[in-house]
$ cat coords_16.cif   # mmCIF, C-alpha atoms, pLDDT in the B column; chains and numbers go by the auth columns
data_protein
loop_
_atom_site.group_PDB
_atom_site.id
_atom_site.type_symbol
_atom_site.label_atom_id
_atom_site.label_comp_id
_atom_site.label_asym_id
_atom_site.label_seq_id
_atom_site.Cartn_x
_atom_site.Cartn_y
_atom_site.Cartn_z
_atom_site.B_iso_or_equiv
_atom_site.auth_seq_id
_atom_site.auth_asym_id
ATOM 1 C CA MET A 1 5.211 -24.435 -15.205 55.00 1 A
ATOM 2 C CA LYS A 2 7.135 -21.537 -13.681 53.00 2 A
ATOM 3 C CA TYR A 3 5.664 -18.417 -12.151 54.00 3 A
ATOM 4 C CA GLU A 4 7.198 -15.341 -10.621 56.00 4 A
ATOM 5 C CA ILE A 5 6.291 -13.400 -7.523 50.00 5 A
ATOM 6 C CA GLU A 6 6.648 -9.649 -7.420 47.00 6 A
ATOM 7 C CA LYS A 7 7.417 -8.459 -3.884 44.00 7 A
ATOM 8 C CA THR A 8 5.822 -5.027 -3.685 37.00 8 A
ATOM 9 C CA GLY A 9 2.976 -3.474 -1.715 34.00 9 A
ATOM 10 C CA SER A 10 0.550 -3.708 -4.643 31.00 10 A
ATOM 11 C CA MET A 11 -2.005 -6.494 -5.165 29.00 11 A
ATOM 12 C CA ARG A 12 -2.424 -5.993 -8.924 31.00 12 A
ATOM 13 C CA GLY A 13 -1.947 -9.185 -10.940 34.00 13 A
ATOM 14 C CA LYS A 14 0.335 -9.149 -13.959 34.00 14 A
ATOM 15 C CA SER A 15 0.791 -11.822 -16.610 31.00 15 A
ATOM 16 C CA ARG A 16 2.384 -14.836 -14.892 35.00 16 A
ATOM 17 C CA THR A 17 3.153 -12.587 -11.920 37.00 17 A
ATOM 18 C CA TRP A 18 1.638 -12.551 -8.450 39.00 18 A
ATOM 19 C CA THR A 19 2.285 -9.852 -5.885 36.00 19 A
ATOM 20 C CA ALA A 20 3.306 -10.573 -2.287 39.00 20 A
ATOM 21 C CA ARG A 21 2.492 -8.372 0.667 36.00 21 A
ATOM 22 C CA ALA A 22 4.383 -8.490 3.953 34.00 22 A
ATOM 23 C CA ILE A 23 1.718 -10.811 5.360 35.00 23 A
ATOM 24 C CA GLY A 24 3.097 -13.592 3.149 42.00 24 A
ATOM 25 C CA LEU A 25 2.462 -15.236 -0.188 45.00 25 A
ATOM 26 C CA THR A 26 -0.213 -17.674 0.908 42.00 26 A
ATOM 27 C CA ALA A 27 -2.787 -15.088 1.925 42.00 27 A
ATOM 28 C CA VAL A 28 -2.128 -13.103 -1.241 40.00 28 A
ATOM 29 C CA ILE A 29 -2.595 -16.078 -3.555 45.00 29 A
ATOM 30 C CA ALA A 30 -5.721 -17.145 -1.703 41.00 30 A
ATOM 31 C CA ALA A 31 -7.121 -13.624 -1.897 39.00 31 A
ATOM 32 C CA MET A 32 -6.438 -13.395 -5.624 39.00 32 A
ATOM 33 C CA MET A 33 -7.995 -16.794 -6.329 42.00 33 A
ATOM 34 C CA LEU A 34 -11.062 -16.399 -4.168 40.00 34 A
ATOM 35 C CA MET A 35 -13.969 -14.196 -5.104 35.00 35 A
ATOM 36 C CA ALA A 36 -15.131 -13.796 -1.527 42.00 36 A
ATOM 37 C CA GLY A 37 -11.943 -13.936 0.584 47.00 37 A
ATOM 38 C CA CYS A 38 -11.104 -11.444 3.336 48.00 38 A
ATOM 39 C CA GLN A 39 -7.870 -11.099 5.322 44.00 39 A
ATOM 40 C CA SER A 40 -8.276 -12.113 8.972 45.00 40 A
ATOM 41 C CA ASP A 41 -6.795 -8.855 10.253 43.00 41 A
ATOM 42 C CA GLU A 42 -9.518 -6.947 8.400 46.00 42 A
ATOM 43 C CA LEU A 43 -12.332 -8.769 10.207 46.00 43 A
ATOM 44 C CA ARG A 44 -13.819 -8.057 13.612 51.00 44 A
ATOM 45 C CA GLN A 45 -15.819 -11.238 13.954 53.00 45 A
ATOM 46 C CA VAL A 46 -19.059 -11.394 15.911 64.00 46 A
ATOM 47 C CA ARG A 47 -19.836 -14.559 17.838 77.00 47 A
ATOM 48 C CA LEU A 48 -22.420 -16.995 16.565 84.00 48 A
ATOM 49 C CA THR A 49 -24.716 -18.871 18.895 85.00 49 A
ATOM 50 C CA GLN A 50 -24.134 -22.601 19.199 88.00 50 A
ATOM 51 C CA GLN A 51 -27.397 -23.270 17.359 89.00 51 A
ATOM 52 C CA GLN A 52 -26.346 -21.005 14.497 88.00 52 A
ATOM 53 C CA LYS A 53 -22.985 -22.807 14.262 90.00 53 A
ATOM 54 C CA GLN A 54 -24.720 -26.171 14.146 92.00 54 A
ATOM 55 C CA GLU A 55 -27.069 -25.017 11.382 90.00 55 A
ATOM 56 C CA ILE A 56 -24.285 -23.543 9.242 92.00 56 A
ATOM 57 C CA ALA A 57 -22.004 -26.545 9.786 94.00 57 A
ATOM 58 C CA SER A 58 -24.805 -28.893 8.721 93.00 58 A
ATOM 59 C CA THR A 59 -25.350 -26.818 5.563 92.00 59 A
ATOM 60 C CA ILE A 60 -21.704 -26.909 4.432 94.00 60 A
ATOM 61 C CA ALA A 61 -21.024 -30.512 5.517 95.00 61 A
ATOM 62 C CA GLY A 62 -20.314 -33.050 2.794 94.00 62 A
ATOM 63 C CA GLU A 63 -17.735 -34.113 0.239 95.00 63 A
ATOM 64 C CA TYR A 64 -16.349 -31.681 -2.326 95.00 64 A
ATOM 65 C CA SER A 65 -14.555 -32.786 -5.475 96.00 65 A
ATOM 66 C CA GLY A 66 -11.684 -30.692 -6.775 96.00 66 A
ATOM 67 C CA SER A 67 -7.949 -30.471 -7.357 97.00 67 A
ATOM 68 C CA TYR A 68 -4.784 -29.637 -5.449 98.00 68 A
ATOM 69 C CA ILE A 69 -2.598 -26.775 -6.604 97.00 69 A
ATOM 70 C CA ILE A 70 0.931 -26.925 -5.161 97.00 70 A
ATOM 71 C CA LEU A 71 3.160 -23.841 -5.340 95.00 71 A
ATOM 72 C CA TRP A 72 6.802 -24.229 -4.367 95.00 72 A
ATOM 73 C CA ALA A 73 10.300 -22.773 -4.620 94.00 73 A
ATOM 74 C CA ASP A 74 13.668 -24.202 -3.589 91.00 74 A
ATOM 75 C CA SER A 75 16.986 -22.574 -2.728 86.00 75 A
ATOM 76 C CA THR A 76 18.024 -22.363 -6.387 88.00 76 A
ATOM 77 C CA MET A 77 15.145 -19.971 -7.144 86.00 77 A
ATOM 78 C CA LYS A 78 16.567 -16.674 -5.953 85.00 78 A
ATOM 79 C CA THR A 79 14.889 -13.311 -5.682 85.00 79 A
ATOM 80 C CA TYR A 80 16.034 -10.604 -8.054 86.00 80 A
ATOM 81 C CA VAL A 81 15.238 -7.005 -8.915 87.00 81 A
ATOM 82 C CA ASP A 82 13.856 -6.376 -12.400 86.00 82 A
ATOM 83 C CA GLU A 83 14.404 -3.328 -14.575 86.00 83 A
ATOM 84 C CA ASP A 84 11.510 -1.518 -12.876 85.00 84 A
ATOM 85 C CA GLY A 85 13.022 -2.022 -9.429 86.00 85 A
ATOM 86 C CA ALA A 86 10.456 -4.634 -8.371 88.00 86 A
ATOM 87 C CA LYS A 87 11.672 -7.575 -6.299 84.00 87 A
ATOM 88 C CA LYS A 88 10.629 -10.923 -7.805 85.00 88 A
ATOM 89 C CA ARG A 89 11.165 -14.610 -7.206 84.00 89 A
ATOM 90 C CA PRO A 90 10.571 -17.578 -9.519 86.00 90 A
ATOM 91 C CA MET A 91 8.271 -20.372 -8.341 90.00 91 A
ATOM 92 C CA LYS A 92 6.709 -23.536 -9.755 94.00 92 A
ATOM 93 C CA LYS A 93 3.141 -24.775 -9.841 95.00 93 A
ATOM 94 C CA GLU A 94 1.826 -28.340 -10.064 96.00 94 A
ATOM 95 C CA ARG A 95 -1.793 -29.494 -10.155 97.00 95 A
ATOM 96 C CA PHE A 96 -3.352 -32.813 -9.084 97.00 96 A
ATOM 97 C CA GLU A 97 -6.846 -33.588 -10.340 97.00 97 A
ATOM 98 C CA GLY A 98 -9.543 -35.939 -9.100 96.00 98 A
ATOM 99 C CA VAL A 99 -9.202 -35.414 -5.339 97.00 99 A
ATOM 100 C CA ALA A 100 -11.716 -34.622 -2.611 96.00 100 A
ATOM 101 C CA MET A 101 -12.229 -32.628 0.578 96.00 101 A
ATOM 102 C CA THR A 102 -14.666 -33.716 3.302 96.00 102 A
ATOM 103 C CA VAL A 103 -16.244 -31.141 5.624 96.00 103 A
ATOM 104 C CA THR A 104 -17.943 -32.445 8.758 95.00 104 A
ATOM 105 C CA ASP A 105 -20.912 -30.963 10.594 91.00 105 A
ATOM 106 C CA GLY A 106 -20.898 -29.215 13.964 81.00 106 A
ATOM 107 C CA GLY A 107 -20.089 -32.390 15.878 84.00 107 A
ATOM 108 C CA MET A 108 -16.476 -32.491 14.655 89.00 108 A
ATOM 109 C CA GLN A 109 -16.219 -29.177 12.808 93.00 109 A
ATOM 110 C CA SER A 110 -13.284 -30.528 10.796 96.00 110 A
ATOM 111 C CA VAL A 111 -11.960 -30.605 7.226 96.00 111 A
ATOM 112 C CA PHE A 112 -10.252 -33.652 5.696 97.00 112 A
ATOM 113 C CA PHE A 113 -8.064 -33.106 2.630 97.00 113 A
ATOM 114 C CA HIS A 114 -7.933 -36.571 1.046 98.00 114 A
ATOM 115 C CA ARG A 115 -4.938 -38.018 -0.801 97.00 115 A
ATOM 116 C CA PHE A 116 -2.717 -34.970 -0.465 98.00 116 A
ATOM 117 C CA PRO A 117 0.518 -35.517 -2.468 98.00 117 A
ATOM 118 C CA ILE A 118 2.932 -35.362 0.463 97.00 118 A
ATOM 119 C CA SER A 119 5.714 -36.460 -1.913 98.00 119 A
ATOM 120 C CA MET A 120 5.799 -32.849 -3.157 98.00 120 A
ATOM 121 C CA LEU A 121 7.738 -31.939 -0.015 98.00 121 A
ATOM 122 C CA SER A 122 10.743 -33.678 -1.544 97.00 122 A
ATOM 123 C CA ARG A 123 11.012 -30.645 -3.854 96.00 123 A
ATOM 124 C CA VAL A 124 12.015 -28.409 -0.962 96.00 124 A
ATOM 125 C CA VAL A 125 14.559 -30.635 0.818 96.00 125 A
ATOM 126 C CA ASP A 126 18.221 -29.662 0.353 92.00 126 A
ATOM 127 C CA ASP A 127 21.361 -31.340 1.728 90.00 127 A
ATOM 128 C CA ASN A 128 19.549 -34.452 3.006 95.00 128 A
ATOM 129 C CA GLU A 129 19.280 -36.926 0.161 97.00 129 A
ATOM 130 C CA PRO A 130 17.949 -39.872 2.258 97.00 130 A
ATOM 131 C CA LEU A 131 15.065 -37.723 3.555 98.00 131 A
ATOM 132 C CA ARG A 132 14.415 -36.243 0.118 97.00 132 A
ATOM 133 C CA GLN A 133 14.245 -39.688 -1.502 98.00 133 A
ATOM 134 C CA ALA A 134 12.007 -41.095 1.246 98.00 134 A
ATOM 135 C CA LEU A 135 9.567 -38.207 0.873 98.00 135 A
ATOM 136 C CA ALA A 136 9.596 -38.564 -2.923 98.00 136 A
ATOM 137 C CA GLU A 137 8.387 -42.157 -2.492 97.00 137 A
ATOM 138 C CA ALA A 138 5.846 -41.396 0.256 97.00 138 A
ATOM 139 C CA PRO A 139 2.230 -42.272 -0.590 97.00 139 A
ATOM 140 C CA ASP A 140 -0.515 -39.660 -0.648 98.00 140 A
ATOM 141 C CA MET A 141 -2.035 -39.031 2.772 97.00 141 A
ATOM 142 C CA ASP A 142 -5.022 -37.308 4.352 97.00 142 A
ATOM 143 C CA LEU A 143 -4.598 -33.992 6.167 97.00 143 A
ATOM 144 C CA THR A 144 -7.005 -32.951 8.918 96.00 144 A
ATOM 145 C CA ALA A 145 -7.812 -29.446 10.166 95.00 145 A
ATOM 146 C CA ARG A 146 -10.392 -27.858 12.407 95.00 146 A
ATOM 147 C CA TYR A 147 -12.447 -24.973 11.075 94.00 147 A
ATOM 148 C CA GLY A 148 -14.034 -21.974 12.744 92.00 148 A
ATOM 149 C CA LEU A 149 -17.172 -19.913 12.094 92.00 149 A
ATOM 150 C CA GLY A 150 -18.031 -16.314 12.864 90.00 150 A
ATOM 151 C CA LEU A 151 -19.980 -13.314 11.621 90.00 151 A
ATOM 152 C CA TYR A 152 -18.657 -10.273 9.781 89.00 152 A
ATOM 153 C CA THR A 153 -19.240 -6.790 11.207 87.00 153 A
ATOM 154 C CA ASP A 154 -22.594 -6.547 9.396 86.00 154 A
ATOM 155 C CA GLN A 155 -23.713 -9.356 11.749 85.00 155 A
ATOM 156 C CA GLU A 156 -25.240 -11.399 8.920 88.00 156 A
ATOM 157 C CA THR A 157 -22.354 -12.476 6.651 91.00 157 A
ATOM 158 C CA VAL A 158 -20.825 -15.815 7.687 93.00 158 A
ATOM 159 C CA VAL A 159 -17.019 -15.985 8.071 92.00 159 A
ATOM 160 C CA TRP A 160 -15.309 -19.378 7.663 93.00 160 A
ATOM 161 C CA GLY A 161 -11.642 -20.349 8.083 93.00 161 A
ATOM 162 C CA LEU A 162 -9.186 -23.126 8.941 94.00 162 A
ATOM 163 C CA GLU A 163 -7.137 -23.439 12.101 93.00 163 A
ATOM 164 C CA ASP A 164 -3.444 -24.407 12.096 94.00 164 A
ATOM 165 C CA MET A 165 -2.820 -28.148 11.800 95.00 165 A
ATOM 166 C CA THR A 166 -0.076 -30.764 12.174 96.00 166 A
ATOM 167 C CA ALA A 167 0.413 -33.917 10.102 97.00 167 A
ATOM 168 C CA GLY A 168 2.570 -36.916 10.930 96.00 168 A
ATOM 169 C CA LEU A 169 3.939 -39.934 9.105 97.00 169 A
ATOM 170 C CA THR A 170 6.613 -42.596 9.466 98.00 170 A
ATOM 171 C CA LEU A 171 9.276 -43.108 6.793 98.00 171 A
ATOM 172 C CA ARG A 172 11.927 -45.784 6.654 97.00 172 A
ATOM 173 C CA TYR A 173 15.349 -44.769 5.368 96.00 173 A
ATOM 174 C CA GLY A 174 18.949 -45.138 6.486 94.00 174 A
ATOM 175 C CA GLY A 175 18.184 -48.574 7.872 95.00 175 A
ATOM 176 C CA ARG A 176 15.529 -47.508 10.393 97.00 176 A
ATOM 177 C CA GLU A 177 12.193 -45.805 10.849 98.00 177 A
ATOM 178 C CA HIS A 178 11.949 -42.034 11.231 98.00 178 A
ATOM 179 C CA HIS A 179 8.942 -40.173 12.610 98.00 179 A
ATOM 180 C CA ILE A 180 8.086 -37.074 10.580 98.00 180 A
ATOM 181 C CA VAL A 181 5.994 -34.167 11.887 98.00 181 A
ATOM 182 C CA LEU A 182 4.738 -31.450 9.522 98.00 182 A
ATOM 183 C CA PRO A 183 3.520 -28.193 11.096 97.00 183 A
ATOM 184 C CA ILE A 184 1.048 -26.531 8.718 96.00 184 A
ATOM 185 C CA ARG A 185 -0.168 -22.939 9.029 93.00 185 A
ATOM 186 C CA GLU A 186 -3.581 -21.929 7.790 87.00 186 A
ATOM 187 C CA SER A 187 -3.530 -19.483 4.926 70.00 187 A
ATOM 188 C CA GLY A 188 -4.111 -16.330 6.974 70.00 188 A
ATOM 189 C CA THR A 189 -7.326 -15.814 5.029 78.00 189 A
ATOM 190 C CA ARG A 190 -10.951 -15.976 6.151 87.00 190 A
ATOM 191 C CA TRP A 191 -13.733 -16.488 3.628 91.00 191 A
ATOM 192 C CA LEU A 192 -17.151 -14.865 3.445 91.00 192 A
ATOM 193 C CA ILE A 193 -19.442 -17.740 2.479 92.00 193 A
ATOM 194 C CA GLY A 194 -22.942 -16.261 2.496 91.00 194 A
ATOM 195 C CA LYS A 195 -25.456 -14.307 4.527 90.00 195 A
ATOM 196 C CA MET A 196 -27.834 -15.545 7.189 83.00 196 A
ATOM 197 C CA LYS A 197 -30.969 -14.278 5.494 80.00 197 A
ATOM 198 C CA ALA A 198 -34.112 -16.088 4.422 68.00 198 A
ATOM 199 C CA GLY A 199 -33.659 -17.699 1.039 69.00 199 A
ATOM 200 C CA GLU A 200 -29.880 -17.225 0.842 79.00 200 A
ATOM 201 C CA ARG A 201 -27.798 -20.407 1.187 83.00 201 A
ATOM 202 C CA VAL A 202 -24.438 -20.362 2.946 90.00 202 A
ATOM 203 C CA SER A 203 -21.974 -22.213 0.683 91.00 203 A
ATOM 204 C CA LEU A 204 -18.273 -23.093 0.695 91.00 204 A
ATOM 205 C CA ARG A 205 -18.432 -22.807 -3.084 88.00 205 A
ATOM 206 C CA GLN A 206 -18.030 -19.082 -2.548 87.00 206 A
ATOM 207 C CA ALA A 207 -14.560 -19.747 -1.130 88.00 207 A
ATOM 208 C CA GLY A 208 -13.367 -21.274 -4.404 89.00 208 A
ATOM 209 C CA SER A 209 -10.044 -22.486 -2.974 91.00 209 A
ATOM 210 C CA VAL A 210 -8.708 -23.243 0.500 93.00 210 A
ATOM 211 C CA GLY A 211 -4.971 -22.751 1.113 92.00 211 A
ATOM 212 C CA PHE A 212 -2.393 -23.750 3.738 94.00 212 A
ATOM 213 C CA THR A 213 1.393 -23.381 4.212 95.00 213 A
ATOM 214 C CA PHE A 214 3.944 -25.991 5.303 96.00 214 A
ATOM 215 C CA THR A 215 6.347 -24.346 7.773 96.00 215 A
ATOM 216 C CA ALA A 216 8.833 -27.126 8.622 97.00 216 A
ATOM 217 C CA ILE A 217 9.789 -30.787 8.328 98.00 217 A
ATOM 218 C CA VAL A 218 10.567 -32.198 11.774 98.00 218 A
ATOM 219 C CA VAL A 219 12.397 -35.540 11.908 98.00 219 A
ATOM 220 C CA ASP A 220 12.568 -37.511 15.169 98.00 220 A
ATOM 221 C CA GLY A 221 11.821 -34.417 17.198 97.00 221 A
ATOM 222 C CA GLU A 222 14.337 -32.105 15.506 97.00 222 A
ATOM 223 C CA THR A 223 13.696 -29.594 12.724 97.00 223 A
ATOM 224 C CA ALA A 224 15.376 -30.951 9.601 97.00 224 A
ATOM 225 C CA VAL A 225 13.971 -28.364 7.165 96.00 225 A
ATOM 226 C CA THR A 226 12.631 -24.890 7.901 95.00 226 A
ATOM 227 C CA LEU A 227 10.237 -23.627 5.259 94.00 227 A
ATOM 228 C CA ASP A 228 9.883 -19.913 4.588 87.00 228 A
ATOM 229 C CA SER A 229 6.253 -18.821 4.812 79.00 229 A
ATOM 230 C CA THR A 230 7.150 -15.277 3.676 79.00 230 A
ATOM 231 C CA TRP A 231 8.420 -16.613 0.340 78.00 231 A
ATOM 232 C CA ASP A 232 11.863 -15.010 0.535 81.00 232 A
ATOM 233 C CA ASP A 233 14.990 -16.926 -0.548 81.00 233 A
ATOM 234 C CA GLY A 234 14.276 -19.951 1.669 88.00 234 A
ATOM 235 C CA ASN A 235 12.485 -23.083 0.501 93.00 235 A
ATOM 236 C CA SER A 236 8.694 -22.644 0.449 94.00 236 A
ATOM 237 C CA LEU A 237 5.654 -24.816 -0.265 96.00 237 A
ATOM 238 C CA ILE A 238 1.950 -24.105 -0.037 94.00 238 A
ATOM 239 C CA GLY A 239 -1.030 -26.228 -0.984 96.00 239 A
ATOM 240 C CA MET A 240 -4.518 -25.251 -2.080 95.00 240 A
ATOM 241 C CA PHE A 241 -7.638 -27.299 -2.591 96.00 241 A
ATOM 242 C CA ARG A 242 -9.665 -25.831 -5.438 96.00 242 A
ATOM 243 C CA ILE A 243 -13.357 -26.663 -5.175 95.00 243 A
ATOM 244 C CA ASP A 244 -14.673 -27.837 -8.537 91.00 244 A
ATOM 245 C CA GLN A 245 -18.043 -29.211 -7.454 72.00 245 A
ATOM 246 C CA GLU A 246 -20.474 -28.344 -4.647 67.00 246 A
ATOM 247 C CA ASN A 247 -21.384 -30.967 -2.070 64.00 247 A
ATOM 248 C CA GLN A 248 -24.665 -32.736 -2.649 56.00 248 A
#
$ encode --input "coords_16.cif" --output "structure tokens"
Amino acid sequence: MKYEIEKTGSMRGKSRTWTARAIGLTAVIAAMMLMAGCQSDELRQVRLTQQQKQEIASTIAGEYSGSYIILWADSTMKTYVDEDGAKKRPMKKERFEGVAMTVTDGGMQSVFFHRFPISMLSRVVDDNEPLRQALAEAPDMDLTARYGLGLYTDQETVVWGLEDMTAGLTLRYGGREHHIVLPIRESGTRWLIGKMKAGERVSLRQAGSVGFTFTAIVVDGETAVTLDSTWDDGNSLIGMFRIDQENQ
């Protein structure tokens, strides 16, 4: 399935068209998909006490079933200007069902994205066929991120968000093993997940989807592929976990 991105200052959605702000595609897509998302630069977070963090983390801890949505573009998908003068770029979307995300309590305060299809990175590798083929054959792997908690300016609405993460794997190609490092940037979005009031439950279900952006593929300590998080003409790939079912 192919989509197009309209690069303007607007956030209005059009049929099969998503709009990108200067802050980058990932935050825009997350904001459009989530009912309760807020951009991090629009929040002045208030600190929670350690006890409050523990209580909230215990509430949201558990396993969530859902699906991965992968959005990507390679160097053949060029930006262009349409008849209205809007700058657009084609992109593709793929979905993987039947996966899960585990959220831990305050002891670890981490998120585990299980069985992420790391082979999708082969879609954004140019001019390195051995690496591209090795990634295409790579098995699914877990990704791990820390998460943070805060309060919105009303001092009762809970703010939740991921921190940047790094994944690593070993691939064998060209007659030897290569160590791959994948820097991953959080989506730039924070989610409002409920209010700390009697009778109102804080829930990650209000987030709807959690997104993150791959920024590079580093092979044996050197950057082999630079990925464009602003979604210009460079290769780009973002992943989102869409929550289909609340934890029990």
$ residues_around --input "coords_16.cif" --residues "Val111 of chain A" --least-positions-apart "4" --cutoff "10 Å" --atoms "only C-alpha atoms" --output "PyMOL selection string"
chain A and resi 61-63+101-105+143-147+162-163
$ write_last_selection --input "coords_16.cif" --atoms "C-alpha atoms" --output "mmCIF file, in the coordinates of the input"
data_model
loop_
_atom_site.group_PDB
_atom_site.id
_atom_site.type_symbol
_atom_site.label_atom_id
_atom_site.label_comp_id
_atom_site.auth_asym_id
_atom_site.auth_seq_id
_atom_site.Cartn_x
_atom_site.Cartn_y
_atom_site.Cartn_z
ATOM 1 C CA ALA A 61 -21.024 -30.512 5.517
ATOM 2 C CA GLY A 62 -20.314 -33.050 2.794
ATOM 3 C CA GLU A 63 -17.735 -34.113 0.239
ATOM 4 C CA MET A 101 -12.229 -32.628 0.578
ATOM 5 C CA THR A 102 -14.666 -33.716 3.302
ATOM 6 C CA VAL A 103 -16.244 -31.141 5.624
ATOM 7 C CA THR A 104 -17.943 -32.445 8.758
ATOM 8 C CA ASP A 105 -20.912 -30.963 10.594
ATOM 9 C CA LEU A 143 -4.598 -33.992 6.167
ATOM 10 C CA THR A 144 -7.005 -32.951 8.918
ATOM 11 C CA ALA A 145 -7.812 -29.446 10.166
ATOM 12 C CA ARG A 146 -10.392 -27.858 12.407
ATOM 13 C CA TYR A 147 -12.447 -24.973 11.075
ATOM 14 C CA LEU A 162 -9.186 -23.126 8.941
ATOM 15 C CA GLU A 163 -7.137 -23.439 12.101
#
$ resolve_selection --input "coords_16.cif" --expression "the PyMOL selection byres ((chain A and resi 141) around 9)" --output "MDAnalysis selection string"
chainID A and resid 113:118 138:140 142:143 169
$ residues_near_point --input "coords_16.cif" --point "(16.2, -20.1, -7.5)" --cutoff "9 Å" --atoms "all atoms listed in the file" --output "ChimeraX atom specification"
/A:73-79,89-91,233
$ resolve_selection --input "coords_16.cif" --expression "the PyMOL selection byres ((chain A and resi 243) around 9)" --output "list in words"
Tyr64, Ser65, Gly66, Ser67, Ala100, Met101, Leu204, Arg205, Ala207, Gly208, Ser209, Val210, Phe241, Arg242, Asp244, Gln245 and Glu246 of chain A
$ write_last_selection --input "coords_16.cif" --atoms "C-alpha atoms" --output "CSV table (one decimal), in the frame of the given file"
chain,number,residue,atom,x,y,z
A,64,TYR,CA,-16.3,-31.7,-2.3
A,65,SER,CA,-14.6,-32.8,-5.5
A,66,GLY,CA,-11.7,-30.7,-6.8
A,67,SER,CA,-7.9,-30.5,-7.4
A,100,ALA,CA,-11.7,-34.6,-2.6
A,101,MET,CA,-12.2,-32.6,0.6
A,204,LEU,CA,-18.3,-23.1,0.7
A,205,ARG,CA,-18.4,-22.8,-3.1
A,207,ALA,CA,-14.6,-19.7,-1.1
A,208,GLY,CA,-13.4,-21.3,-4.4
A,209,SER,CA,-10.0,-22.5,-3.0
A,210,VAL,CA,-8.7,-23.2,0.5
A,241,PHE,CA,-7.6,-27.3,-2.6
A,242,ARG,CA,-9.7,-25.8,-5.4
A,244,ASP,CA,-14.7,-27.8,-8.5
A,245,GLN,CA,-18.0,-29.2,-7.5
A,246,GLU,CA,-20.5,-28.3,-4.6
$ atom_distance --input "coords_16.cif" --atom1 "atom CA of Gly175 of chain A" --atom2 "atom CA of Ser122 of chain A"
19.1 Å
$ atom_distance --input "coords_16.cif" --atom1 "atom CA of Arg172 of chain A" --atom2 "atom CA of Glu137 of chain A"
10.5 Å
$ resolve_selection --input "coords_16.cif" --expression "the PyMOL selection byres ((chain A and resi 123) around 12)" --output "MDAnalysis selection string"
chainID A and resid 70:77 91:94 117:122 124:129 131:137 225 227 235:238
$ axis_aligned_box --input "coords_16.cif" --around "segment 198-211 of chain A" --padding-each-side "5 Å" --output "JSON"
{"center_x": -19.5, "center_y": -19.7, "center_z": 0.0, "size_x": 39.1, "size_y": 17.2, "size_z": 18.8}
$ atom_distance --input "coords_16.cif" --atom1 "atom CA of Lys195 of chain A" --atom2 "atom CA of Gly239 of chain A"
27.7 Å
$ closest_residue --input "coords_16.cif" --among "A:Asp84, A:Arg47, A:Pro130, A:Ile193" --to "Arg176 of chain A" --atoms "only C-alpha atoms"
A:Pro130
$ residues_near_point --input "coords_16.cif" --point "(5.9, -17.9, 5.4)" --cutoff "7 Å" --atoms "all atoms listed in the file" --output "CSV table (one decimal) with C-alpha atoms, keeping the file's coordinate frame"
chain,number,residue,atom,x,y,z
A,24,GLY,CA,3.1,-13.6,3.1
A,215,THR,CA,6.3,-24.3,7.8
A,228,ASP,CA,9.9,-19.9,4.6
A,229,SER,CA,6.3,-18.8,4.8
A,230,THR,CA,7.2,-15.3,3.7
A,231,TRP,CA,8.4,-16.6,0.3
$ closest_residue --input "coords_16.cif" --among "A:Gly194, A:Val202, A:Val219, A:Val158" --to "Thr170 of chain A" --atoms "all atoms listed in the file"
A:Val219
$ residues_around --input "coords_16.cif" --residues "Thr49 of chain A" --least-positions-apart "6" --cutoff "12 Å" --atoms "all atoms listed in the file" --output "ChimeraX atom specification"
/A:55-56,149-151,155
$ residues_around --input "coords_16.cif" --residues "Ile180 of chain A" --least-positions-apart "4" --cutoff "9 Å" --atoms "all atoms listed in the file" --output "list of chain:residue names"
A:Ala167, A:Gly168, A:Leu169, A:Thr170, A:Leu171, A:Ile217, A:Val218, A:Val219, A:Asp220, A:Gly221
